[in-house]
>>> print(open('start-v3.cif').read())   # mmCIF, C-alpha atoms
data_work
#
loop_
_atom_site.label_atom_id
_atom_site.label_comp_id
_atom_site.auth_asym_id
_atom_site.auth_seq_id
_atom_site.Cartn_x
_atom_site.Cartn_y
_atom_site.Cartn_z
CA MET A 12 -23.67 23.77 30.64
CA LYS A 13 -25.26 22.15 27.58
CA ARG A 14 -22.81 20.43 25.26
CA LYS A 15 -22.72 21.92 21.73
CA THR A 16 -20.21 20.59 19.22
CA LEU A 17 -18.77 22.26 16.15
CA VAL A 18 -17.78 19.80 13.42
CA LEU A 19 -15.06 21.41 11.32
CA THR A 20 -14.35 19.66 8.02
CA GLU A 21 -13.44 20.69 4.51
CA ASN A 22 -14.54 17.24 3.29
CA PHE A 23 -18.32 17.13 3.39
CA PRO A 24 -21.01 16.62 0.75
CA PRO A 25 -21.51 17.61 -1.95
CA MET A 26 -17.75 17.08 -2.11
CA SER A 27 -17.16 13.45 -3.07
CA GLY A 28 -14.90 11.09 -1.15
CA GLY A 29 -14.99 8.51 1.61
CA SER A 30 -14.25 10.76 4.57
CA GLY A 31 -16.91 13.30 3.56
CA ARG A 32 -19.46 10.52 3.22
CA TRP A 33 -18.40 9.15 6.61
CA PHE A 34 -18.98 12.49 8.35
CA TRP A 35 -22.32 12.97 6.61
CA GLU A 36 -23.57 9.50 7.56
CA LEU A 37 -22.40 9.82 11.16
CA TYR A 38 -23.44 13.36 12.06
CA SER A 39 -26.76 13.16 10.22
CA ARG A 40 -27.70 10.39 12.67
CA LEU A 41 -26.83 12.40 15.79
CA PRO A 42 -29.18 14.97 17.43
CA LYS A 43 -28.98 17.87 14.98
CA ASN A 44 -29.40 20.57 17.61
CA ASP A 45 -26.28 19.33 19.41
CA TYR A 46 -24.03 19.73 16.36
CA LEU A 47 -23.09 22.60 14.09
CA ILE A 48 -21.19 21.62 10.96
CA VAL A 49 -18.80 24.09 9.36
CA ALA A 50 -17.87 22.85 5.90
CA ASP A 51 -16.26 24.25 2.79
CA GLU A 52 -18.27 26.44 0.48
CA GLY A 53 -18.61 25.43 -3.15
CA THR A 54 -20.62 25.88 -6.31
CA GLU A 55 -22.98 23.00 -5.48
CA ALA A 56 -23.04 23.44 -1.68
CA ASN A 57 -26.11 25.71 -1.55
CA ASP A 58 -28.17 23.32 -3.66
CA PHE A 59 -27.08 20.37 -1.54
CA ASP A 60 -27.94 22.12 1.72
CA LYS A 61 -31.52 22.56 0.52
CA THR A 62 -31.90 18.75 0.61
CA HIS A 63 -31.33 18.26 4.36
CA ASP A 64 -32.08 19.85 7.74
CA LEU A 65 -28.67 19.68 9.41
CA ASN A 66 -27.18 22.87 10.87
CA VAL A 67 -24.47 23.72 8.34
CA ILE A 68 -22.44 26.89 7.91
CA ARG A 69 -20.37 27.25 4.75
CA MET A 70 -17.11 29.16 4.63
CA PRO A 71 -13.80 28.96 2.70
CA LEU A 72 -11.81 25.96 3.98
CA LYS A 73 -9.44 25.46 1.07
CA SER A 74 -5.90 26.79 0.93
CA ASN A 75 -2.87 26.29 -1.30
CA GLU A 76 -0.68 26.40 1.81
CA TRP A 77 -1.36 24.75 5.17
CA GLY A 78 1.86 25.66 6.92
CA LEU A 79 2.45 28.59 9.25
CA ARG A 80 5.68 29.70 7.61
CA SER A 81 4.08 31.01 4.43
CA LEU A 82 2.10 34.23 4.06
CA THR A 83 -0.71 32.30 2.31
CA GLY A 84 -0.93 29.81 5.15
CA LEU A 85 -0.86 32.48 7.83
CA LYS A 86 -3.63 34.46 6.13
CA PHE A 87 -5.73 31.31 5.79
CA TYR A 88 -5.40 30.41 9.47
CA PHE A 89 -5.95 33.97 10.64
CA ASN A 90 -9.14 34.37 8.58
CA SER A 91 -10.43 30.93 9.59
CA TYR A 92 -9.68 31.60 13.26
CA ARG A 93 -11.45 34.96 13.16
CA ARG A 94 -14.58 33.57 11.49
CA LEU A 95 -14.78 30.51 13.73
CA ARG A 96 -14.14 32.44 16.94
CA ARG A 97 -17.26 34.44 16.13
CA VAL A 98 -19.24 31.27 15.33
CA ILE A 99 -18.18 29.64 18.61
CA LYS A 100 -19.32 32.61 20.67
CA GLU A 101 -22.59 33.05 18.78
CA HIS A 102 -23.60 29.39 19.08
CA GLY A 103 -22.24 28.52 22.51
CA ILE A 104 -19.82 25.87 21.23
CA THR A 105 -18.21 23.73 23.94
CA HIS A 106 -16.38 21.10 21.83
CA ILE A 107 -14.83 20.83 18.36
CA HIS A 108 -14.48 17.74 16.14
CA THR A 109 -12.03 18.21 13.27
CA GLY A 110 -12.10 16.18 10.06
CA ARG A 111 -8.30 16.04 9.80
CA VAL A 112 -5.26 17.02 11.79
CA ILE A 113 -4.10 19.43 9.08
CA HIS A 114 -5.58 21.87 8.50
CA GLU A 115 -8.77 21.65 10.56
CA GLY A 116 -6.94 20.40 13.65
CA VAL A 117 -4.52 23.33 13.55
CA ILE A 118 -7.46 25.77 13.53
CA ALA A 119 -9.06 23.94 16.47
CA TRP A 120 -5.79 24.12 18.41
CA LEU A 121 -5.58 27.89 17.84
CA LEU A 122 -9.18 28.28 19.03
CA SER A 123 -8.55 26.13 22.10
CA LEU A 124 -5.65 28.40 23.11
CA SER A 125 -7.83 31.48 23.36
CA LEU A 126 -11.27 30.03 24.15
CA GLY A 127 -10.44 26.88 26.10
CA VAL A 128 -12.65 24.75 23.82
CA LYS A 129 -11.71 21.06 23.90
CA PHE A 130 -11.29 19.22 20.60
CA LEU A 131 -10.80 15.81 19.06
CA THR A 132 -9.44 15.04 15.62
CA TYR A 133 -9.96 12.31 13.05
CA VAL A 134 -7.05 10.55 11.35
CA HIS A 135 -7.42 8.70 8.04
CA GLY A 136 -3.94 7.23 7.67
CA GLU A 137 -2.68 8.81 4.47
CA ASP A 138 -3.11 12.32 5.90
CA VAL A 139 -0.57 11.94 8.70
CA GLU A 140 1.67 9.64 6.65
CA THR A 141 1.98 12.36 4.03
CA ALA A 142 2.43 15.11 6.64
CA ALA A 143 5.38 13.23 8.13
CA MET A 144 7.33 13.89 4.92
CA SER A 145 7.46 17.63 5.72
CA ARG A 146 9.35 18.93 8.75
CA GLU A 147 6.85 21.75 9.26
CA TYR A 148 3.74 19.59 8.81
CA ASN A 149 5.24 16.89 10.99
CA PHE A 150 5.71 19.48 13.75
CA LEU A 151 2.10 20.67 13.36
CA VAL A 152 0.70 17.13 13.51
CA LYS A 153 2.65 16.42 16.69
CA LEU A 154 1.43 19.67 18.20
CA VAL A 155 -2.22 19.08 17.36
CA CYS A 156 -2.16 15.44 18.48
CA SER A 157 -0.56 16.40 21.78
CA LYS A 158 -3.30 18.98 22.48
CA ALA A 159 -6.29 16.98 21.22
CA GLU A 160 -8.38 15.20 23.84
CA MET A 161 -8.89 12.21 21.55
CA ILE A 162 -7.63 10.93 18.19
CA ILE A 163 -10.16 8.88 16.22
CA CYS A 164 -8.53 6.60 13.64
CA ASN A 165 -10.56 5.04 10.84
CA SER A 166 -8.73 1.70 11.13
CA GLU A 167 -6.20 -0.24 13.17
CA ASN A 168 -3.77 0.40 10.33
CA SER A 169 -4.16 4.17 10.85
CA ARG A 170 -3.68 3.71 14.60
CA THR A 171 -0.42 1.87 13.89
CA ILE A 172 0.76 4.75 11.70
CA VAL A 173 -0.01 7.33 14.42
CA GLU A 174 1.91 5.29 17.00
CA ARG A 175 4.81 4.49 14.66
CA LEU A 176 5.30 8.17 13.81
CA GLY A 177 5.22 9.09 17.50
CA TYR A 178 2.17 11.35 17.31
CA ALA A 179 0.27 9.66 20.16
CA SER A 180 -0.14 6.36 21.95
CA GLY A 181 -2.30 4.47 24.42
CA ASP A 182 -5.91 5.25 25.29
CA LYS A 183 -5.81 8.63 23.59
CA ILE A 184 -6.14 6.82 20.24
CA VAL A 185 -9.42 5.05 19.46
CA VAL A 186 -10.53 3.21 16.33
CA LEU A 187 -13.91 3.92 14.75
CA ASN A 188 -14.39 2.19 11.42
CA PRO A 189 -16.59 3.92 8.86
CA GLY A 190 -19.81 2.02 8.24
CA VAL A 191 -22.69 1.65 5.83
CA ASP A 192 -26.46 1.99 5.84
CA SER A 193 -27.37 -1.65 5.29
CA THR A 194 -31.02 -0.68 4.79
CA LYS A 195 -30.03 1.42 1.76
CA PHE A 196 -27.12 -0.58 0.34
CA ILE A 197 -29.03 -3.82 -0.12
CA PRO A 198 -28.81 -6.86 -2.41
CA SER A 199 -31.04 -6.70 -5.46
CA LYS A 200 -32.22 -8.96 -8.26
CA VAL A 201 -30.85 -8.46 -11.74
CA ASP A 202 -32.28 -5.32 -13.31
CA GLU A 203 -31.87 -5.87 -17.04
CA ARG A 204 -33.32 -2.49 -17.92
CA PHE A 205 -30.70 -0.68 -15.85
CA ARG A 206 -27.92 -2.90 -17.17
CA GLN A 207 -28.96 -2.26 -20.75
CA GLN A 208 -29.07 1.50 -20.12
CA LEU A 209 -25.43 1.37 -19.03
CA GLY A 210 -24.36 -1.06 -21.74
CA TRP A 211 -23.89 -3.88 -19.24
CA HIS A 212 -26.19 -6.42 -20.94
CA ASN A 213 -24.52 -9.83 -21.24
CA LYS A 214 -21.39 -8.45 -19.61
CA LYS A 215 -19.47 -9.59 -16.55
CA VAL A 216 -19.18 -6.22 -14.85
CA ILE A 217 -16.33 -5.20 -12.53
CA ILE A 218 -16.62 -1.78 -10.90
CA THR A 219 -14.49 0.62 -8.87
CA VAL A 220 -16.04 3.52 -6.97
CA GLY A 221 -13.73 6.27 -5.76
CA ARG A 222 -11.78 9.38 -6.58
CA LEU A 223 -9.67 9.14 -9.72
CA GLN A 224 -6.22 9.30 -8.17
CA GLN A 225 -3.07 7.23 -8.36
CA ARG A 226 -3.36 5.36 -5.09
CA LYS A 227 -6.86 4.12 -6.00
CA GLY A 228 -5.22 2.11 -8.80
CA GLN A 229 -7.77 2.46 -11.59
CA ASP A 230 -4.84 2.83 -14.00
CA LYS A 231 -3.44 -0.61 -13.14
CA MET A 232 -6.86 -2.20 -13.48
CA ILE A 233 -7.35 -0.65 -16.93
CA ALA A 234 -3.90 -1.94 -17.93
CA ALA A 235 -4.97 -5.41 -16.72
CA MET A 236 -8.10 -5.49 -18.88
CA PRO A 237 -6.50 -6.80 -22.13
CA ASP A 238 -5.28 -9.91 -20.25
CA ILE A 239 -8.61 -10.32 -18.45
CA LEU A 240 -10.46 -10.12 -21.77
CA THR A 241 -8.43 -13.03 -23.18
CA HIS A 242 -9.94 -15.25 -20.46
CA HIS A 243 -13.27 -13.45 -20.11
CA PRO A 244 -14.16 -11.63 -23.35
CA ASP A 245 -17.47 -10.54 -21.80
CA ALA A 246 -15.73 -8.58 -19.01
CA LEU A 247 -16.43 -4.86 -18.64
CA TYR A 248 -14.77 -2.47 -16.21
CA ALA A 249 -16.76 0.56 -15.01
CA VAL A 250 -14.91 3.32 -13.13
CA ILE A 251 -17.22 5.55 -11.07
CA GLY A 252 -15.82 8.82 -9.79
CA ARG A 253 -14.06 12.07 -10.59
CA GLY A 254 -10.54 13.29 -9.99
CA GLU A 255 -7.21 14.50 -11.23
CA CYS A 256 -6.34 11.27 -13.07
CA ALA A 257 -9.30 11.37 -15.47
CA GLY A 258 -7.11 12.42 -18.40
CA LEU A 259 -4.55 9.68 -17.64
CA LEU A 260 -7.26 7.02 -17.53
CA LYS A 261 -8.80 8.18 -20.82
CA GLY A 262 -5.36 7.96 -22.40
CA LEU A 263 -4.88 4.39 -21.14
CA ILE A 264 -8.26 3.36 -22.54
CA GLU A 265 -7.28 4.69 -25.96
CA LYS A 266 -3.78 3.22 -25.75
CA HIS A 267 -5.12 -0.30 -25.12
CA GLY A 268 -8.13 0.03 -27.44
CA LEU A 269 -10.57 -0.55 -24.59
CA GLN A 270 -13.32 1.86 -25.59
CA ASN A 271 -15.85 -1.00 -25.63
CA SER A 272 -14.60 -2.63 -22.42
CA VAL A 273 -13.93 0.24 -20.00
CA GLN A 274 -16.35 2.98 -18.95
CA LEU A 275 -15.61 6.20 -17.06
CA LEU A 276 -18.80 7.25 -15.27
CA ASP A 277 -18.35 10.66 -13.67
CA GLU A 278 -21.98 11.86 -13.57
CA VAL A 279 -23.57 9.34 -11.22
CA SER A 280 -26.11 10.20 -8.52
CA ASP A 281 -26.11 8.45 -5.15
CA GLU A 282 -29.13 6.40 -6.22
CA GLN A 283 -27.45 5.35 -9.46
CA MET A 284 -24.25 4.50 -7.60
CA ILE A 285 -26.14 2.10 -5.33
CA LYS A 286 -27.71 0.52 -8.43
CA CYS A 287 -24.20 0.09 -9.87
CA TYR A 288 -23.13 -1.75 -6.72
CA GLN A 289 -26.22 -3.94 -6.91
CA GLN A 290 -25.94 -4.76 -10.61
CA CYS A 291 -22.21 -5.38 -10.92
CA ASP A 292 -20.65 -8.83 -10.61
CA LEU A 293 -17.45 -7.96 -8.77
CA PHE A 294 -16.07 -4.92 -6.95
CA ILE A 295 -12.38 -4.03 -6.92
CA LEU A 296 -10.44 -1.27 -5.18
CA PRO A 297 -7.01 -1.84 -6.79
CA ASN A 298 -5.26 0.49 -4.36
CA ARG A 299 -1.54 0.73 -3.82
CA THR A 300 0.85 2.92 -1.85
CA ILE A 301 2.17 5.96 -3.72
CA GLU A 302 5.12 7.32 -1.72
CA SER A 303 3.37 7.86 1.63
CA ASP A 304 -0.17 8.03 0.22
CA ILE A 305 -2.25 5.03 1.31
CA GLU A 306 -5.87 3.89 1.59
CA GLY A 307 -6.74 4.34 5.26
CA PHE A 308 -9.76 2.02 5.28
CA GLY A 309 -11.82 1.61 2.10
CA MET A 310 -15.43 2.48 2.81
CA VAL A 311 -16.48 1.54 -0.72
CA LEU A 312 -15.51 -2.06 0.01
CA VAL A 313 -18.03 -2.09 2.85
CA GLU A 314 -20.74 -0.61 0.62
CA ALA A 315 -20.14 -3.28 -2.02
CA GLN A 316 -20.30 -6.10 0.54
CA SER A 317 -23.54 -4.64 1.90
CA CYS A 318 -24.96 -5.15 -1.61
CA ALA A 319 -23.76 -8.80 -1.43
CA LYS A 320 -20.92 -8.39 -3.91
CA PRO A 321 -17.53 -10.12 -3.70
CA VAL A 322 -14.70 -7.64 -3.22
CA VAL A 323 -11.03 -7.42 -4.08
CA ALA A 324 -8.58 -4.82 -2.76
CA GLY A 325 -4.90 -3.98 -2.90
CA ASP A 326 -2.50 -5.03 -0.17
CA SER A 327 -1.97 -1.51 1.16
CA GLY A 328 -3.34 0.45 4.09
CA GLY A 329 -6.38 -0.72 6.04
CA THR A 330 -8.41 -2.44 3.31
CA ARG A 331 -8.18 -5.91 4.86
CA GLU A 332 -10.07 -4.57 7.90
CA THR A 333 -13.16 -4.08 5.73
CA MET A 334 -13.66 -7.76 4.86
CA LEU A 335 -13.35 -11.38 5.89
CA VAL A 336 -10.28 -12.19 3.83
CA GLY A 337 -10.75 -15.36 1.80
CA GLN A 338 -14.46 -15.49 2.60
CA SER A 339 -16.08 -12.21 1.49
CA GLY A 340 -13.12 -10.86 -0.45
CA PHE A 341 -9.44 -11.05 -1.31
CA ILE A 342 -6.40 -8.87 -0.73
CA ILE A 343 -3.98 -8.99 -3.68
CA ASP A 344 -0.88 -7.19 -4.93
CA CYS A 345 -2.23 -4.40 -7.14
CA THR A 346 1.10 -2.84 -8.04
CA SER A 347 1.23 -5.16 -11.06
CA SER A 348 -1.43 -5.20 -13.80
CA GLU A 349 -0.33 -8.75 -14.68
CA ASN A 350 -1.06 -9.92 -11.13
CA ILE A 351 -4.44 -8.17 -11.11
CA ALA A 352 -5.39 -9.93 -14.35
CA LYS A 353 -4.27 -13.32 -13.04
CA GLU A 354 -6.11 -13.05 -9.71
CA LEU A 355 -9.32 -11.58 -11.11
CA SER A 356 -9.51 -14.15 -13.89
CA LYS A 357 -9.38 -16.93 -11.27
CA ILE A 358 -12.17 -15.33 -9.24
CA LEU A 359 -14.35 -14.70 -12.31
CA ASP A 360 -13.99 -18.39 -13.26
CA ASP A 361 -15.99 -19.51 -10.21
CA GLU A 362 -19.45 -17.92 -10.22
CA ASP A 363 -20.74 -20.11 -7.38
CA PHE A 364 -17.89 -19.00 -5.12
CA MET A 365 -18.51 -15.35 -6.07
CA ASP A 366 -22.15 -15.76 -5.05
CA SER A 367 -21.07 -17.34 -1.75
CA MET A 368 -18.61 -14.49 -1.09
CA GLY A 369 -21.37 -11.96 -1.63
CA LYS A 370 -23.64 -13.62 0.93
CA VAL A 371 -20.85 -13.81 3.50
CA GLY A 372 -20.02 -10.15 2.90
CA ARG A 373 -23.60 -9.06 3.45
CA GLN A 374 -23.75 -10.94 6.76
CA HIS A 375 -20.39 -9.48 7.81
CA VAL A 376 -21.64 -5.93 7.22
CA GLU A 377 -24.91 -6.47 9.05
CA ASN A 378 -23.08 -7.91 12.05
CA THR A 379 -20.22 -5.45 12.40
CA LEU A 380 -20.28 -2.42 10.08
CA ASP A 381 -23.81 -1.01 10.04
CA TRP A 382 -24.16 2.73 10.79
CA LEU A 383 -26.50 2.04 13.71
CA ALA A 384 -23.80 0.27 15.72
CA HIS A 385 -21.20 2.77 14.49
CA THR A 386 -23.25 5.76 15.68
CA GLU A 387 -23.83 4.29 19.12
CA LYS A 388 -20.11 3.69 19.54
CA ALA A 389 -19.38 7.25 18.41
CA LYS A 390 -21.83 8.70 20.95
CA GLN A 391 -20.05 6.91 23.79
CA LEU A 392 -16.62 8.07 22.58
CA PHE A 393 -17.72 11.70 22.31
CA LEU A 394 -19.09 11.67 25.87
CA LYS A 395 -15.65 10.75 27.23
CA ILE A 396 -14.41 14.26 26.49
#
>>> encode(input="start-v3.cif", output="structure tokens")
Amino acid sequence: MKRKTLVLTENFPPMSGGSGRWFWELYSRLPKNDYLIVADEGTEANDFDKTHDLNVIRMPLKSNEWGLRSLTGLKFYFNSYRRLRRVIKEHGITHIHTGRVIHEGVIAWLLSLSLGVKFLTYVHGEDVETAAMSREYNFLVKLVCSKAEMIICNSENSRTIVERLGYASGDKIVVLNPGVDSTKFIPSKVDERFRQQLGWHNKKVIITVGRLQQRKGQDKMIAAMPDILTHHPDALYAVIGRGECAGLLKGLIEKHGLQNSVQLLDEVSDEQMIKCYQQCDLFILPNRTIESDIEGFGMVLVEAQSCAKPVVAGDSGGTRETMLVGQSGFIIDCTSSENIAKELSKILDDEDFMDSMGKVGRQHVENTLDWLAHTEKAKQLFLKI
């Protein structure tokens, strides 16, 4: 019987975020006729799907409740199960890959009960860490992990979390780091025209790319800017992304009088984002742990290194697995704006070392984190089921 896999994920372009980008980059490189992607519908989804030739079905995959004890949750799972059961039969699906344990993994488990379809699930670290705080969600994660054929973790840190929480152990857990297209994210010469368009001329530009949320730490970096500016008055911080903390960040910019030194860029195309990586001087992901919410890996750190930029990240989650610590980047305590300012000022003082870090980072990505190697590893893992 021919293998046909359904990829079930709410997080998929045009939705922004690291996991959605990961799934796009991976499954767009696999034989398209062997995979059917079921992703969340959205206002921009139809326009995005006109730009590619992958087999994608859109349906509602958002819910205010993901538990089975609420009427809202039950209705969501029932409707999702009914729609996907029909899709599986129509398309001859033999396997399911789920983007997360909850809620996609729960749906796959329900489908496996009645149709016997085998499934694997991805784990990103913060998803199961957060689920463990709820008795009901904790039960569901344990159930799904026990029934899944394989659990793919995005980092060794995420694997450790899965094992520590008792969800799975041994060979059932595998690590597959997200990667980068090193033929697209490439080093570039200074583009003064682009820099002037963004107001970066004669500036030492630090950027963060990622969703505007607490654990990403953009707020602490903004709070660090007044101290950084005392040592480097030409510094500029550009925040690229959208999210629930946009209002908070705008308030911090006004509070510290940083309108000329901090930019919030929320309307950036993929091409412009790559240019931002290429034309910045330093990349920082000032992440920190918020309760149980952590950064599972930090794909943006890999993208920045691929563009030969030095990187800095918070000492939380799996970020150190993205870099050669001390050679292509640094891990620092980002819970304190004072510490961020101190550490970044030291790095910005040494332009030759920053240039050296960028070159090491580019080589590191080419050797270990390119999508080509990543995809080949994924193919072999999938065949084990």
>>> resolve_selection(input="start-v3.cif", expression="the PyMOL selection byres ((chain A and resi 107) around 9)", output="JSON list (two decimals) with C-alpha atoms, in the coordinates of the input")
[["chain", "number", "residue", "atom", "x", "y", "z"],
["A", 15, "LYS", "CA", -22.72, 21.92, 21.73],
["A", 16, "THR", "CA", -20.21, 20.59, 19.22],
["A", 17, "LEU", "CA", -18.77, 22.26, 16.15],
["A", 18, "VAL", "CA", -17.78, 19.80, 13.42],
["A", 19, "LEU", "CA", -15.06, 21.41, 11.32],
["A", 104, "ILE", "CA", -19.82, 25.87, 21.23],
["A", 105, "THR", "CA", -18.21, 23.73, 23.94],
["A", 106, "HIS", "CA", -16.38, 21.10, 21.83],
["A", 108, "HIS", "CA", -14.48, 17.74, 16.14],
["A", 109, "THR", "CA", -12.03, 18.21, 13.27],
["A", 119, "ALA", "CA", -9.06, 23.94, 16.47],
["A", 128, "VAL", "CA", -12.65, 24.75, 23.82],
["A", 129, "LYS", "CA", -11.71, 21.06, 23.90],
["A", 130, "PHE", "CA", -11.29, 19.22, 20.60],
["A", 131, "LEU", "CA", -10.80, 15.81, 19.06],
["A", 132, "THR", "CA", -9.44, 15.04, 15.62]]
>>> residues_around(input="start-v3.cif", residues="Leu176 in chain A", least_positions_apart="5", cutoff="9 Å", atoms="only C-alpha atoms", output="NGL selection string")
:A and (139-140 or 143 or 171)
>>> residues_around(input="start-v3.cif", residues="range 249-253 of chain A", least_positions_apart="6", cutoff="8 Å", atoms="only C-alpha atoms", output="VMD selection string")
chain A and resid 216 to 223 229 273 to 279 284
>>> write_last_selection(input="start-v3.cif", atoms="C-alpha atoms", output="compact mmCIF listing (two decimals), keeping the file's coordinate frame")
# COMPACT_ATOMS: atom_id res chain seq x y z
CA VAL A 216 -19.18 -6.22 -14.85
CA ILE A 217 -16.33 -5.20 -12.53
CA ILE A 218 -16.62 -1.78 -10.90
CA THR A 219 -14.49 0.62 -8.87
CA VAL A 220 -16.04 3.52 -6.97
CA GLY A 221 -13.73 6.27 -5.76
CA ARG A 222 -11.78 9.38 -6.58
CA LEU A 223 -9.67 9.14 -9.72
CA GLN A 229 -7.77 2.46 -11.59
CA VAL A 273 -13.93 0.24 -20.00
CA GLN A 274 -16.35 2.98 -18.95
CA LEU A 275 -15.61 6.20 -17.06
CA LEU A 276 -18.80 7.25 -15.27
CA ASP A 277 -18.35 10.66 -13.67
CA GLU A 278 -21.98 11.86 -13.57
CA VAL A 279 -23.57 9.34 -11.22
CA MET A 284 -24.25 4.50 -7.60
>>> closest_residue(input="start-v3.cif", among="A:Trp35, A:Phe23, A:Trp77, A:Tyr288", to="Arg206 in chain A", atoms="all atoms listed in the file")
A:Tyr288
>>> atom_distance(input="start-v3.cif", atom1="CA of Leu293 in chain A", atom2="CA of Ser356 in chain A")
11.3 Å
>>> residues_around(input="start-v3.cif", residues="Glu354 in chain A", least_positions_apart="4", cutoff="12 Å", atoms="only C-alpha atoms", output="ChimeraX atom specification")
/A:232,235,238-239,242,295,297,323-325,340-345,347-350,358-361
>>> resolve_selection(input="start-v3.cif", expression="the PyMOL selection byres ((chain A and resi 194) around 10)", output="list in words")
Val191, Asp192, Ser193, Lys195, Phe196, Ile197, Pro198, Ser317, Cys318, Glu377, Asp381 and Trp382 of chain A
>>> atom_distance(input="start-v3.cif", atom1="CA of Gly369 in chain A", atom2="CA of Gly190 in chain A")
17.2 Å
>>> atom_distance(input="start-v3.cif", atom1="CA of Gln224 in chain A", atom2="CA of Ile301 in chain A")
10.1 Å
>>> residues_around(input="start-v3.cif", residues="Glu147 in chain A", least_positions_apart="3", cutoff="12 Å", atoms="all atoms listed in the file", output="JSON, numbers by chain")
{"A": [76, 77, 78, 79, 80, 81, 84, 113, 141, 142, 143, 144, 150, 151, 152, 153, 154]}
>>> resolve_selection(input="start-v3.cif", expression="the PyMOL selection byres ((chain A and resi 267) around 9)", output="list in words")
Ile233, Ala234, Met236, Pro237, Gly262, Leu263, Ile264, Glu265, Lys266, Gly268, Leu269 and Gln270 of chain A
>>> residues_around(input="start-v3.cif", residues="Ile184 in chain A", least_positions_apart="2", cutoff="8 Å", atoms="only C-alpha atoms", output="PyMOL selection string")
chain A and resi 161-164+170+179-182+186
>>> residues_near_point(input="start-v3.cif", point="(-19.5, -15.4, -2.8)", cutoff="10 Å", atoms="all atoms listed in the file", output="list in words")
Leu293, Gln316, Ala319, Lys320, Pro321, Val322, Gly337, Gln338, Ser339, Gly340, Ile358, Asp361, Glu362, Asp363, Phe364, Met365, Asp366, Ser367, Met368, Gly369, Lys370, Val371, Gly372 and Arg373 of chain A
>>> axis_aligned_box(input="start-v3.cif", around="range 106-124 of chain A", padding_each_side="3 Å", output="JSON")
{"center_x": -10.2, "center_y": 22.2, "center_z": 15.8, "size_x": 18.3, "size_y": 18.4, "size_z": 20.6}
>>> closest_residue(input="start-v3.cif", among="A:Gly228, A:Arg111, A:Met70, A:Tyr38", to="Leu259 in chain A", atoms="all atoms listed in the file")
A:Gly228
>>> build_atoms(input="start-v3.cif", residues="range 175-186 of chain A", atoms="N, CA and C atoms", output="JSON list (two decimals), keeping the file's coordinate frame")
[["chain", "number", "residue", "atom", "x", "y", "z"],
["A", 175, "ARG", "N", 3.47, 4.66, 15.24],
["A", 175, "ARG", "CA", 4.81, 4.49, 14.66],
["A", 175, "ARG", "C", 5.50, 5.83, 14.45],
["A", 176, "LEU", "N", 4.73, 6.84, 14.06],
["A", 176, "LEU", "CA", 5.30, 8.17, 13.81],
["A", 176, "LEU", "C", 5.46, 8.98, 15.09],
["A", 177, "GLY", "N", 5.03, 8.42, 16.21],
["A", 177, "GLY", "CA", 5.22, 9.09, 17.50],
["A", 177, "GLY", "C", 4.28, 10.24, 17.76],
["A", 178, "TYR", "N", 3.11, 10.25, 17.12],
["A", 178, "TYR", "CA", 2.17, 11.35, 17.31],
["A", 178, "TYR", "C", 1.34, 11.18, 18.57],
["A", 179, "ALA", "N", 1.04, 9.94, 18.95],
["A", 179, "ALA", "CA", 0.27, 9.66, 20.16],
["A", 179, "ALA", "C", 0.35, 8.17, 20.44],
["A", 180, "SER", "N", -0.14, 7.78, 21.60],
["A", 180, "SER", "CA", -0.14, 6.36, 21.95],
["A", 180, "SER", "C", -1.19, 6.12, 23.03],
["A", 181, "GLY", "N", -1.43, 4.86, 23.31],
["A", 181, "GLY", "CA", -2.30, 4.47, 24.42],
["A", 181, "GLY", "C", -3.77, 4.78, 24.20],
["A", 182, "ASP", "N", -4.46, 5.08, 25.31],
["A", 182, "ASP", "CA", -5.91, 5.25, 25.29],
["A", 182, "ASP", "C", -6.36, 6.51, 24.56],
["A", 183, "LYS", "N", -5.44, 7.40, 24.29],
["A", 183, "LYS", "CA", -5.81, 8.63, 23.59],
["A", 183, "LYS", "C", -6.27, 8.33, 22.16],
["A", 184, "ILE", "N", -5.78, 7.22, 21.60],
["A", 184, "ILE", "CA", -6.14, 6.82, 20.24],
["A", 184, "ILE", "C", -7.27, 5.80, 20.31],
["A", 185, "VAL", "N", -8.33, 6.03, 19.56],
["A", 185, "VAL", "CA", -9.42, 5.05, 19.46],
["A", 185, "VAL", "C", -9.67, 4.77, 17.99],
["A", 186, "VAL", "N", -10.22, 3.59, 17.70],
["A", 186, "VAL", "CA", -10.53, 3.21, 16.33],
["A", 186, "VAL", "C", -12.04, 3.20, 16.14]]
